[in-house]
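A.B. asks: Contents of entry-v7.txt (compact mmCIF, C-alpha atoms) are given next:
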```txt
# COMPACT_ATOMS: atom_id res chain seq x y z
CA MET A 1 -20.98 26.40 -5.75
CA ALA A 2 -18.31 26.35 -8.47
CA ARG A 3 -15.41 23.98 -8.23
CA PRO A 4 -12.74 25.50 -5.97
CA ARG A 5 -9.75 26.92 -7.81
CA ARG A 6 -6.10 26.84 -6.88
CA GLY A 7 -5.42 29.50 -4.27
CA ASP A 8 -9.02 29.56 -2.94
CA THR A 9 -9.57 29.34 0.82
CA ILE A 10 -12.54 27.22 1.88
CA GLU A 11 -13.97 25.51 4.95
CA LEU A 12 -14.06 21.74 4.76
CA ALA A 13 -15.34 18.89 6.92
CA ILE A 14 -13.15 15.77 6.76
CA ASP A 15 -15.11 12.51 6.74
CA ASP A 16 -12.57 9.83 5.73
CA LEU A 17 -8.91 8.95 5.25
CA ALA A 18 -7.47 7.99 1.87
CA PHE A 19 -5.07 5.05 1.54
CA GLY A 20 -2.00 7.30 1.76
CA GLY A 21 -3.25 8.89 4.99
CA GLU A 22 -4.66 12.12 3.52
CA GLY A 23 -7.94 13.44 4.87
CA VAL A 24 -10.90 13.36 2.47
CA GLY A 25 -13.45 16.17 2.40
CA ARG A 26 -16.14 17.27 -0.04
CA ALA A 27 -17.02 20.75 -1.21
CA ASP A 28 -20.53 20.37 -2.70
CA GLY A 29 -19.61 16.86 -3.81
CA TYR A 30 -16.17 17.82 -5.15
CA VAL A 31 -13.54 15.62 -3.46
CA VAL A 32 -10.63 17.40 -1.80
CA PHE A 33 -7.63 15.56 -0.30
CA VAL A 34 -5.98 17.29 2.65
CA ARG A 35 -2.64 16.20 4.06
CA GLY A 36 -2.94 16.34 7.86
CA GLY A 37 -6.74 16.27 7.87
CA LEU A 38 -8.53 13.70 10.06
CA PRO A 39 -12.10 12.36 10.06
CA GLY A 40 -14.12 14.62 12.36
CA ASP A 41 -12.02 17.72 11.64
CA ARG A 42 -13.51 20.96 10.39
CA LEU A 43 -10.72 22.87 8.65
CA ARG A 44 -9.95 26.07 6.85
CA VAL A 45 -7.83 24.99 3.88
CA ARG A 46 -6.09 26.59 0.92
CA VAL A 47 -6.56 24.77 -2.40
CA THR A 48 -3.18 23.83 -3.90
CA GLU A 49 -4.37 21.70 -6.81
CA SER A 50 -7.65 21.73 -8.74
CA ARG A 51 -8.37 18.94 -11.22
CA ALA A 52 -11.54 17.88 -12.97
CA ARG A 53 -12.42 15.09 -10.51
CA TYR A 54 -10.58 16.05 -7.33
CA GLY A 55 -8.42 18.66 -5.67
CA ARG A 56 -5.78 18.93 -2.97
CA ALA A 57 -5.47 21.46 -0.19
CA ALA A 58 -3.21 22.48 2.71
CA VAL A 59 -4.47 23.11 6.25
CA GLU A 60 -4.51 26.75 7.26
CA ALA A 61 -6.41 26.32 10.53
CA VAL A 62 -8.15 23.58 12.52
CA LEU A 63 -11.54 25.10 13.32
CA VAL A 64 -13.01 22.03 15.06
CA PRO A 65 -10.58 19.20 15.86
CA SER A 66 -11.40 15.54 15.39
CA PRO A 67 -12.00 13.66 18.67
CA ASP A 68 -9.14 11.38 17.57
CA ARG A 69 -6.67 14.23 17.02
CA VAL A 70 -3.69 14.23 19.41
CA GLU A 71 -0.57 16.36 19.79
CA PRO A 72 2.25 14.77 17.75
CA PRO A 73 5.36 14.26 19.93
CA CYS A 74 7.89 14.73 17.10
CA PRO A 75 9.12 18.31 16.46
CA TYR A 76 9.56 17.47 12.76
CA PHE A 77 6.00 16.23 12.25
CA GLY A 78 4.38 17.85 9.22
CA ARG A 79 7.70 18.92 7.75
CA CYS A 80 9.31 15.45 7.59
CA GLY A 81 8.23 13.06 4.86
CA GLY A 82 8.26 10.09 7.23
CA CYS A 83 5.41 9.15 9.58
CA ARG A 84 2.18 10.93 8.65
CA LEU A 85 -0.23 9.79 11.37
CA GLN A 86 1.36 10.94 14.64
CA HIS A 87 -1.54 13.35 15.11
CA LEU A 88 -4.04 10.44 15.04
CA ALA A 89 -4.62 8.49 18.27
CA TYR A 90 -3.21 4.98 18.00
CA PRO A 91 -6.56 3.12 18.38
CA ALA A 92 -7.91 5.23 15.50
CA GLN A 93 -4.82 4.41 13.41
CA LEU A 94 -5.57 0.71 13.89
CA ALA A 95 -9.22 1.16 12.93
CA PHE A 96 -8.21 3.07 9.78
CA LYS A 97 -5.77 0.36 8.69
CA GLU A 98 -8.22 -2.47 9.32
CA LYS A 99 -10.82 -0.60 7.25
CA GLN A 100 -8.22 -0.01 4.52
CA VAL A 101 -7.65 -3.76 4.14
CA ARG A 102 -11.38 -4.56 4.13
CA ASP A 103 -12.22 -1.84 1.60
CA CYS A 104 -9.49 -3.00 -0.80
CA LEU A 105 -10.51 -6.64 -0.63
CA GLU A 106 -14.19 -5.87 -1.20
CA ARG A 107 -13.74 -3.20 -3.89
CA LEU A 108 -10.73 -4.43 -5.82
CA GLY A 109 -10.56 -8.14 -5.14
CA ALA A 110 -14.23 -9.02 -5.51
CA ALA A 111 -13.95 -10.86 -2.19
CA THR A 112 -17.35 -10.68 -0.54
CA ALA A 113 -18.00 -11.64 3.08
CA VAL A 114 -14.30 -11.46 3.91
CA THR A 115 -13.31 -13.06 7.23
CA LEU A 116 -11.14 -10.20 8.45
CA ARG A 117 -9.52 -10.92 11.77
CA PRO A 118 -8.96 -8.04 14.22
CA ILE A 119 -5.74 -6.16 13.51
CA VAL A 120 -2.67 -7.08 15.58
CA PRO A 121 -1.47 -3.86 17.29
CA ALA A 122 2.21 -3.08 17.80
CA PRO A 123 3.48 -3.33 21.39
CA GLN A 124 5.70 -0.28 20.70
CA PRO A 125 4.05 2.54 18.72
CA TYR A 126 7.41 4.36 18.82
CA GLY A 127 11.04 3.21 18.80
CA TYR A 128 10.20 0.06 16.85
CA ARG A 129 12.31 0.40 13.70
CA ASN A 130 15.49 -1.67 13.49
CA LYS A 131 16.66 0.08 10.30
CA MET A 132 16.70 3.72 9.21
CA GLU A 133 18.30 5.42 6.20
CA PHE A 134 19.47 9.03 6.42
CA THR A 135 20.66 11.31 3.62
CA VAL A 136 23.86 13.34 3.97
CA ALA A 137 23.50 16.76 2.37
CA ALA A 138 25.07 20.22 2.33
CA PRO A 139 25.23 22.78 3.77
CA GLY A 140 25.89 21.87 7.38
CA PRO A 141 26.45 19.10 6.56
CA ILE A 142 22.96 17.78 7.26
CA VAL A 143 22.31 14.15 8.18
CA GLY A 144 18.57 13.67 8.02
CA LEU A 145 15.37 12.76 6.21
CA HIS A 146 13.64 14.22 3.19
CA ALA A 147 10.98 16.86 3.67
CA ALA A 148 7.35 16.06 2.96
CA GLU A 149 6.66 16.12 -0.79
CA ARG A 150 10.15 17.58 -1.39
CA TYR A 151 12.84 15.03 -2.22
CA ASP A 152 15.26 17.89 -2.96
CA VAL A 153 15.05 19.18 0.65
CA VAL A 154 16.67 17.33 3.57
CA LEU A 155 15.80 18.09 7.20
CA ASP A 156 18.59 17.79 9.77
CA ILE A 157 17.07 15.21 12.14
CA GLU A 158 18.68 15.27 15.58
CA ARG A 159 16.53 12.45 16.95
CA CYS A 160 14.00 10.17 15.26
CA LEU A 161 11.28 8.78 17.52
CA LEU A 162 10.87 5.66 15.39
CA GLN A 163 14.34 4.34 16.26
CA SER A 164 16.01 3.36 19.54
CA ASP A 165 18.14 5.53 21.81
CA ALA A 166 21.28 3.65 20.67
CA MET A 167 20.49 4.36 17.01
CA ASN A 168 19.90 8.03 17.83
CA LEU A 169 23.30 8.17 19.56
CA LEU A 170 24.88 6.72 16.40
CA LEU A 171 23.05 9.29 14.28
CA ASP A 172 24.35 12.10 16.50
CA GLU A 173 27.93 10.75 16.37
CA VAL A 174 27.84 10.38 12.58
CA ARG A 175 26.78 14.02 12.23
CA GLY A 176 29.43 15.19 14.67
CA GLN A 177 32.20 13.24 12.92
CA VAL A 178 31.22 14.45 9.45
CA ARG A 179 31.31 18.06 10.62
CA ALA A 180 34.43 17.80 12.80
CA ARG A 181 36.45 16.09 10.03
CA ALA A 182 34.99 18.31 7.26
CA LEU A 183 34.23 15.23 5.15
CA PRO A 184 33.07 16.18 1.65
CA VAL A 185 29.39 15.63 0.90
CA TRP A 186 28.08 14.38 -2.44
CA ASP A 187 26.77 17.15 -4.69
CA PRO A 188 24.25 15.54 -7.10
CA ALA A 189 24.29 18.54 -9.44
CA ALA A 190 28.06 18.67 -9.80
CA GLU A 191 28.41 14.89 -9.35
CA ARG A 192 31.32 15.17 -6.94
CA GLY A 193 31.92 14.68 -3.23
CA LEU A 194 32.06 11.63 -0.96
CA LEU A 195 29.25 10.98 1.54
CA ARG A 196 25.74 10.18 0.27
CA PHE A 197 23.79 8.16 2.86
CA VAL A 198 24.10 6.58 6.30
CA ALA A 199 21.97 3.51 7.11
CA LEU A 200 21.65 2.36 10.72
CA ARG A 201 20.59 -1.14 11.78
CA GLU A 202 20.04 -2.71 15.20
CA ALA A 203 19.39 -6.38 15.95
CA ARG A 204 16.79 -6.24 18.69
CA GLY A 205 17.34 -9.85 19.75
CA THR A 206 21.10 -9.48 20.27
CA GLY A 207 21.61 -5.72 20.64
CA GLU A 208 24.21 -5.61 17.86
CA ALA A 209 24.32 -2.42 15.78
CA MET A 210 25.51 -1.71 12.23
CA VAL A 211 26.41 1.53 10.48
CA ASN A 212 26.48 1.44 6.67
CA VAL A 213 28.12 4.49 5.09
CA VAL A 214 27.20 4.88 1.42
CA ALA A 215 29.74 6.96 -0.46
CA ALA A 216 30.85 7.80 -3.99
CA ALA A 217 34.42 6.56 -3.54
CA PRO A 218 36.26 3.89 -1.50
CA ASP A 219 37.97 6.38 0.86
CA VAL A 220 38.60 3.84 3.60
CA GLU A 221 41.42 5.88 5.16
CA ALA A 222 39.15 8.86 5.83
CA LEU A 223 36.32 6.74 7.24
CA VAL A 224 38.10 4.24 9.54
CA PRO A 225 38.52 6.92 12.28
CA VAL A 226 34.80 7.66 12.01
CA ALA A 227 34.03 3.96 12.52
CA GLU A 228 36.24 3.85 15.61
CA ALA A 229 34.50 6.92 17.06
CA LEU A 230 31.11 5.31 16.47
CA ARG A 231 32.05 2.19 18.43
CA ALA A 232 33.51 4.32 21.22
CA ARG A 233 30.17 6.18 21.50
CA VAL A 234 28.01 3.03 21.16
CA PRO A 235 30.00 -0.08 22.22
CA SER A 236 27.35 -2.43 20.77
CA THR A 237 28.42 -1.30 17.27
CA THR A 238 29.48 -4.64 15.79
CA SER A 239 29.74 -3.67 12.13
CA VAL A 240 30.68 -0.51 10.25
CA VAL A 241 30.83 -0.93 6.48
CA LEU A 242 31.40 1.31 3.51
CA ASN A 243 29.26 0.76 0.44
CA VAL A 244 30.53 2.47 -2.70
CA THR A 245 28.20 3.49 -5.51
CA ALA A 246 28.94 5.36 -8.70
CA LYS A 247 25.26 5.51 -9.67
CA LYS A 248 23.57 8.87 -10.09
CA ALA A 249 20.31 7.54 -8.63
CA SER A 250 19.67 8.40 -4.98
CA VAL A 251 19.57 4.83 -3.70
CA ALA A 252 21.38 3.82 -0.51
CA VAL A 253 22.81 0.61 -1.99
CA GLY A 254 26.41 0.14 -3.10
CA THR A 255 28.02 -2.16 -5.63
CA GLU A 256 31.31 -2.49 -3.73
CA GLU A 257 31.66 -3.05 0.02
CA HIS A 258 34.54 -2.51 2.47
CA VAL A 259 34.48 -3.43 6.17
CA LEU A 260 35.66 -0.43 8.20
CA LEU A 261 35.27 -2.05 11.63
CA GLY A 262 34.15 -5.41 13.01
CA ARG A 263 32.43 -7.76 10.56
CA ASP A 264 30.23 -7.43 7.48
CA HIS A 265 26.97 -8.35 9.23
CA ILE A 266 25.05 -8.31 12.47
CA THR A 267 23.19 -11.26 13.95
CA GLU A 268 19.49 -11.05 14.76
CA SER A 269 17.63 -13.58 16.89
CA LEU A 270 14.04 -14.29 15.94
CA GLY A 271 11.75 -17.27 16.55
CA GLY A 272 14.55 -19.28 18.13
CA LEU A 273 16.80 -18.91 15.06
CA ALA A 274 19.85 -16.73 14.38
CA PHE A 275 19.93 -14.60 11.23
CA GLN A 276 22.94 -12.90 9.69
CA VAL A 277 21.86 -9.56 8.23
CA SER A 278 24.25 -7.71 5.92
CA ALA A 279 24.11 -4.08 4.86
CA ASN A 280 22.20 -4.60 1.61
CA SER A 281 19.90 -7.41 2.71
CA PHE A 282 16.20 -7.07 3.41
CA PHE A 283 14.98 -7.91 6.90
CA GLN A 284 11.67 -6.94 8.49
CA THR A 285 12.15 -3.50 10.07
CA ASN A 286 9.97 -4.19 13.13
CA THR A 287 11.44 -7.20 14.93
CA ALA A 288 8.72 -7.57 17.57
CA GLN A 289 5.91 -7.52 15.00
CA ALA A 290 7.89 -9.72 12.60
CA GLU A 291 7.75 -12.49 15.20
CA ARG A 292 3.98 -12.15 15.37
CA LEU A 293 3.72 -12.01 11.59
CA PHE A 294 5.82 -15.15 11.14
CA ALA A 295 3.77 -16.98 13.78
CA LEU A 296 0.65 -16.19 11.72
CA VAL A 297 2.35 -17.56 8.60
CA LEU A 298 3.18 -20.80 10.42
CA GLU A 299 -0.42 -21.07 11.63
CA ALA A 300 -1.77 -20.49 8.11
CA CYS A 301 0.54 -23.10 6.59
CA ALA A 302 -0.79 -25.77 8.99
CA LEU A 303 2.19 -28.02 8.37
CA ALA A 304 2.11 -31.68 9.42
CA GLY A 305 5.80 -32.32 8.73
CA ASP A 306 5.77 -34.13 5.36
CA GLU A 307 5.03 -31.20 3.04
CA THR A 308 7.11 -29.54 0.36
CA VAL A 309 6.90 -25.74 0.65
CA ILE A 310 7.95 -22.99 -1.75
CA ASP A 311 8.68 -19.59 -0.19
CA LEU A 312 8.50 -16.88 -2.86
CA PHE A 313 10.35 -13.56 -2.35
CA SER A 314 12.21 -15.22 0.51
CA GLY A 315 14.68 -12.43 1.36
CA THR A 316 17.31 -13.52 3.87
CA GLY A 317 15.36 -16.71 4.51
CA ALA A 318 13.56 -15.89 7.76
CA ILE A 319 10.22 -17.47 6.81
CA SER A 320 11.86 -20.30 4.86
CA LEU A 321 14.00 -21.41 7.80
CA LEU A 322 11.14 -21.18 10.29
CA LEU A 323 9.04 -23.35 7.94
CA ALA A 324 11.90 -25.81 7.37
CA ARG A 325 11.73 -26.93 11.00
CA ARG A 326 8.17 -28.17 10.34
CA ALA A 327 8.28 -29.29 6.69
CA ARG A 328 9.98 -32.04 4.70
CA ARG A 329 11.52 -29.66 2.14
CA VAL A 330 11.54 -25.89 1.54
CA PHE A 331 12.59 -23.97 -1.57
CA GLY A 332 13.21 -20.22 -1.14
CA VAL A 333 13.13 -17.99 -4.24
CA GLU A 334 14.65 -14.49 -4.08
CA LEU A 335 15.87 -11.98 -6.68
CA ALA A 336 18.58 -10.22 -4.62
CA ALA A 337 21.82 -12.21 -4.73
CA ALA A 338 23.06 -10.66 -1.45
CA ALA A 339 19.91 -11.81 0.33
CA VAL A 340 20.26 -15.34 -1.09
CA ALA A 341 23.87 -15.47 0.16
CA ASP A 342 22.66 -14.40 3.62
CA ALA A 343 19.90 -17.03 3.51
CA VAL A 344 22.41 -19.79 2.70
CA ARG A 345 24.63 -18.64 5.57
CA ASN A 346 21.64 -18.48 7.90
CA ALA A 347 20.62 -22.05 7.03
CA ARG A 348 24.16 -23.25 7.67
CA ALA A 349 24.46 -21.32 10.96
CA ASN A 350 21.22 -22.86 12.24
CA GLY A 351 22.04 -26.39 11.12
CA ILE A 352 19.10 -26.51 8.68
CA GLU A 353 19.74 -28.82 5.71
CA ASN A 354 16.29 -29.24 4.14
CA CYS A 355 16.15 -25.72 2.68
CA THR A 356 17.32 -24.76 -0.83
CA PHE A 357 17.62 -21.12 -1.92
CA LEU A 358 17.38 -20.10 -5.58
CA ALA A 359 18.32 -16.70 -6.99
CA GLY A 360 16.17 -15.18 -9.74
CA GLU A 361 12.82 -13.63 -10.60
CA VAL A 362 9.82 -15.60 -9.38
CA ARG A 363 8.25 -15.58 -12.85
CA HIS A 364 11.32 -17.40 -14.19
CA VAL A 365 12.29 -19.66 -11.26
CA LEU A 366 8.78 -20.96 -10.53
CA PRO A 367 8.30 -22.55 -14.01
CA ALA A 368 11.79 -24.07 -13.70
CA LEU A 369 10.82 -25.69 -10.40
CA MET A 370 7.68 -27.07 -12.03
CA ARG A 371 9.74 -28.53 -14.90
CA ASP A 372 11.98 -30.18 -12.31
CA GLY A 373 8.95 -31.92 -10.83
CA VAL A 374 8.60 -29.87 -7.63
CA ARG A 375 4.95 -30.04 -6.52
CA PRO A 376 4.46 -28.14 -3.26
CA GLU A 377 1.50 -28.66 -0.95
CA VAL A 378 1.99 -25.12 0.40
CA VAL A 379 3.28 -21.88 -1.16
CA VAL A 380 4.13 -18.79 0.89
CA ALA A 381 4.60 -15.46 -0.90
CA ASP A 382 5.83 -12.13 0.47
CA PRO A 383 6.03 -9.95 -2.67
CA PRO A 384 7.08 -6.27 -2.85
CA ARG A 385 4.49 -3.48 -2.90
CA ALA A 386 3.83 -4.04 -6.60
CA GLY A 387 2.58 -7.56 -5.86
CA PHE A 388 2.93 -10.46 -8.30
CA HIS A 389 3.99 -10.16 -11.91
CA PRO A 390 0.97 -11.42 -13.92
CA ARG A 391 3.00 -14.26 -15.43
CA ALA A 392 4.20 -15.40 -12.01
CA LEU A 393 0.64 -15.37 -10.67
CA GLU A 394 -0.55 -17.37 -13.67
CA THR A 395 2.20 -19.95 -13.07
CA LEU A 396 1.29 -20.13 -9.39
CA ALA A 397 -2.36 -20.81 -10.26
CA THR A 398 -1.22 -23.56 -12.65
CA LEU A 399 0.98 -25.08 -9.95
CA ALA A 400 -2.20 -25.24 -7.82
CA PRO A 401 -0.84 -25.89 -4.31
CA GLY A 402 -3.45 -26.88 -1.76
CA ARG A 403 -2.69 -23.88 0.48
CA LEU A 404 -1.45 -20.38 -0.34
CA VAL A 405 -0.24 -17.96 2.32
CA TYR A 406 0.13 -14.42 0.99
CA VAL A 407 2.03 -11.85 3.09
CA SER A 408 1.35 -8.34 1.77
CA CYS A 409 2.57 -4.81 2.48
CA ASN A 410 0.04 -3.27 0.09
CA PRO A 411 -3.71 -3.96 0.46
CA ALA A 412 -4.43 -2.80 -3.09
CA THR A 413 -2.12 -5.32 -4.78
CA LEU A 414 -3.13 -7.99 -2.27
CA ALA A 415 -6.75 -7.47 -3.30
CA ARG A 416 -5.89 -7.51 -6.99
CA ASP A 417 -3.91 -10.75 -6.71
CA VAL A 418 -6.47 -12.41 -4.42
CA GLY A 419 -9.15 -11.57 -6.98
CA GLU A 420 -7.17 -13.43 -9.66
CA LEU A 421 -6.63 -16.41 -7.36
CA LEU A 422 -10.34 -16.57 -6.53
CA ARG A 423 -11.10 -16.72 -10.25
CA ALA A 424 -8.47 -19.47 -10.57
CA GLY A 425 -10.33 -21.71 -8.12
CA TYR A 426 -9.13 -20.66 -4.67
CA ARG A 427 -11.15 -19.80 -1.58
CA LEU A 428 -10.12 -16.96 0.76
CA ASP A 429 -10.22 -18.40 4.29
CA TRP A 430 -9.19 -15.35 6.28
CA VAL A 431 -7.09 -12.18 6.28
CA GLN A 432 -5.16 -10.94 9.31
CA PRO A 433 -3.90 -7.32 9.32
CA VAL A 434 -0.72 -6.67 11.33
CA ASP A 435 0.41 -3.15 12.23
CA MET A 436 4.12 -3.27 11.42
CA PHE A 437 4.51 0.50 10.96
CA PRO A 438 2.72 2.62 13.60
CA GLN A 439 2.44 6.36 12.88
CA THR A 440 2.40 5.66 9.13
CA PRO A 441 -0.41 4.67 6.72
CA HIS A 442 1.38 1.41 5.83
CA ILE A 443 -0.16 -1.93 6.80
CA GLU A 444 0.91 -5.55 6.53
CA ALA A 445 -1.56 -8.43 6.15
CA VAL A 446 -1.50 -12.22 5.98
CA ALA A 447 -4.06 -13.95 3.77
CA ARG A 448 -4.73 -17.69 3.73
CA LEU A 449 -6.23 -19.26 0.61
CA THR A 450 -7.09 -22.91 -0.04
CA ARG A 451 -7.81 -24.71 -3.26
CA ALA A 452 -11.58 -24.92 -3.58
```
For the file at hand, write its structure as structure tokens.

C.D. replies:
Amino acid sequence: MARPRRGDTIELAIDDLAFGGEGVGRADGYVVFVRGGLPGDRLRVRVTESRARYGRAAVEAVLVPSPDRVEPPCPYFGRCGGCRLQHLAYPAQLAFKEKQVRDCLERLGAATAVTLRPIVPAPQPYGYRNKMEFTVAAPGPIVGLHAAERYDVVLDIERCLLQSDAMNLLLDEVRGQVRARALPVWDPAAERGLLRFVALREARGTGEAMVNVVAAAPDVEALVPVAEALRARVPSTTSVVLNVTAKKASVAVGTEEHVLLGRDHITESLGGLAFQVSANSFFQTNTAQAERLFALVLEACALAGDETVIDLFSGTGAISLLLARRARRVFGVELAAAAVADAVRNARANGIENCTFLAGEVRHVLPALMRDGVRPEVVVADPPRAGFHPRALETLATLAPGRLVYVSCNPATLARDVGELLRAGYRLDWVQPVDMFPQTPHIEAVARLTRA
């Protein structure tokens, strides 16, 4: 059989899932990726892309469904670019993610005989997100999420199943206010208009809610009535802020902030500590699973009370402050200045004095700490999806702490970095996957390494 061409219709058995959640089938050995395909499916698909080594196809009909296929509860499933695995039963999602971590570690990290602990499932497969970002677009105006594979198309989302009822009420009120007041919407082609994004946050420990309106101009007068209407609809709304950005890039972060109602932050309670979270600060988006994740980090650190700890990519200081209660001294390193400011406030609010936060890139701050004579027994790292910069990883290996605890949101870069650390003289003790993001292909993991 010749390689399928674009536009061909073929039958395909799906036998695996790729890391992004696409089904994997083979037509006479030729690999075809199918969005929406599940292992055990037999599908009729239309080829949309035909390359030398692989192709892509769209589902036209499910001829024989996988035993793990379920009816997705969201009416936007398949059209929305958000969660991709609602049609896969939750136990099968967990098995896929655990396998994803193992495969990466064995194939990319050269880690043989990995001690992979059973994945920690989420207690809430839906309604778990404490932060969502929605795009405001015309006509309508629409307040919603981007369509699958189409960043230029926005779907008007009336209700998202990944967020709480209170957040959905806020979403509904935002849409109603924008339409009733005929507020101008940003036109990226003409580069004019006002509203660009709306980000919703909810502190699950305290119930406080935040609405962050991202706009192209500081039109406080037009938006204060909207803020008042939001609090009237959802009384737990503690903070409504306006972030202003003149950037052309479609990023929901402003360079200038105005408080429209309440205060500039909400307070989250986690692990017995209080955390101030501002509009532009990073905080784990699944509070319940974050508590489990942080407990695993504490276990992996095995602190006796007299250690110096460095927490790399420390964000608003959640892990740093939890560690500080059990260590002699903690240094948190974070690039985002807003997050560092939140971390300092959080330390002060919790009466923690043995924690120092430093702003800057890890690859620059870590050598400076070494020059200052800081020699940690334990290093914790929670890098972004891209993992460590090679220079930062090299410095970390030179620093040679006795224990390394690596928190990862990307198994591929975790495996790559673990492979380098193994070659630098570390031993991989265990890896613990944690399902922070049900209904999506994303997976978090905690890895503990010790100096061999």

A.B. asks: Got a sec: who's within 12 Å of A:Val70, counting all atoms listed in the file, leaving out chain neighbours fewer than 2 positions off, as an MDAnalysis selection string?

C.D. replies: chainID A and resid 36 38 41 65:68 72:74 85:93 439

A.B. asks: In Å, how far is it from atom CA of A:Ala397 to atom CA of A:Ile443?

C.D. replies: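 Taking atom CA of A:Ala397 and atom CA of A:Ile443, their separation equals 25.5 Å.
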
A.B. asks: Would you pick out the contacts of A:Ile14 at 12 Å or less, using all atoms listed in the file, so that residues sharing its chain but fewer than 2 positions from it are not included, and give the list as a PyMOL selection string?

C.D. replies: chain A and resi 11-12+16-18+22-27+31-45+57+59+62-66

A.B. asks: Find the residues around A:Ala138 up to 7 Å (all atoms listed in the file counted), leave out those fewer than 3 positions away in its own chain, and share them as an MDAnalysis selection string.

C.D. replies: chainID A and resid 141:142 185

A.B. asks: Measuring atom to atom with all atoms listed in the file, identify which of A:Glu377, A:Asp372, A:Glu353, A:Glu256 is nearest to A:Ala216.

C.D. replies: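 The shortest atom-to-atom distance to A:Ala216 comes from A:Glu256.
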
A.B. asks: With distances taken over all atoms listed in the file, which residue among A:Arg292, A:Arg391, A:Arg179, A:Arg325 lies nearest A:Ala445?

C.D. replies: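 Answer, going by the shortest atom-to-atom distance: A:Arg292.
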
A.B. asks: Please identify all polymer residues within 9 Å of stretch 266-283 of chain A, counting only C-alpha atoms, omitting same-chain residues fewer than 3 positions from it, and present them as a ChimeraX atom specification.

C.D. replies: /A:131,199,201-212,238-239,241,243,252-254,263,286-288,290-291,294-295,315-318,321-322,336,338-340,342-343,345-347,349-350

A.B. asks: When you draw a straight line from atom CA of A:Pro225 to atom CA of A:Leu200, how long is it in Å?

C.D. replies: 17.5 Å

A.B. asks: Using only C-alpha atoms, can you tell me which of A:Ala415, A:Val213, A:Leu393, A:Leu293 comes closest to A:His258?

C.D. replies: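 Closest to A:His258, using only C-alpha atoms: A:Val213.
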
A.B. asks: Neighbouring residues of A:Ala386 were defined as those with any atom within 12 Å, considering all atoms listed in the file; residues of the same chain fewer than 4 positions away were excluded. Please report them as a count of residues only.

C.D. replies: 12

A.B. asks: May I ask which of the residues A:Arg46, A:His389, A:Arg348, A:Arg102 is the closest one to A:Ala447, counting all atoms listed in the file?

C.D. replies: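 The closest residue to A:Ala447 is A:Arg102.
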
A.B. asks: Hey, which of A:Val234, A:Ala359, A:Val136, A:Ala229 ends up closest to A:Asp165? Count only C-alpha atoms.

C.D. replies: A:Val234

A.B. asks: Nearest residue to A:Arg159 out of A:Leu312, A:Gly193, A:Pro75, A:Ala52, using only C-alpha atoms?

C.D. replies: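 Distance minimum relative to A:Arg159 lands on A:Pro75.
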
A.B. asks: Between atom CA of A:Gly144 and atom CA of A:Leu170, what distance in Å does the model show, to one decimal?

C.D. replies: 12.6 Å
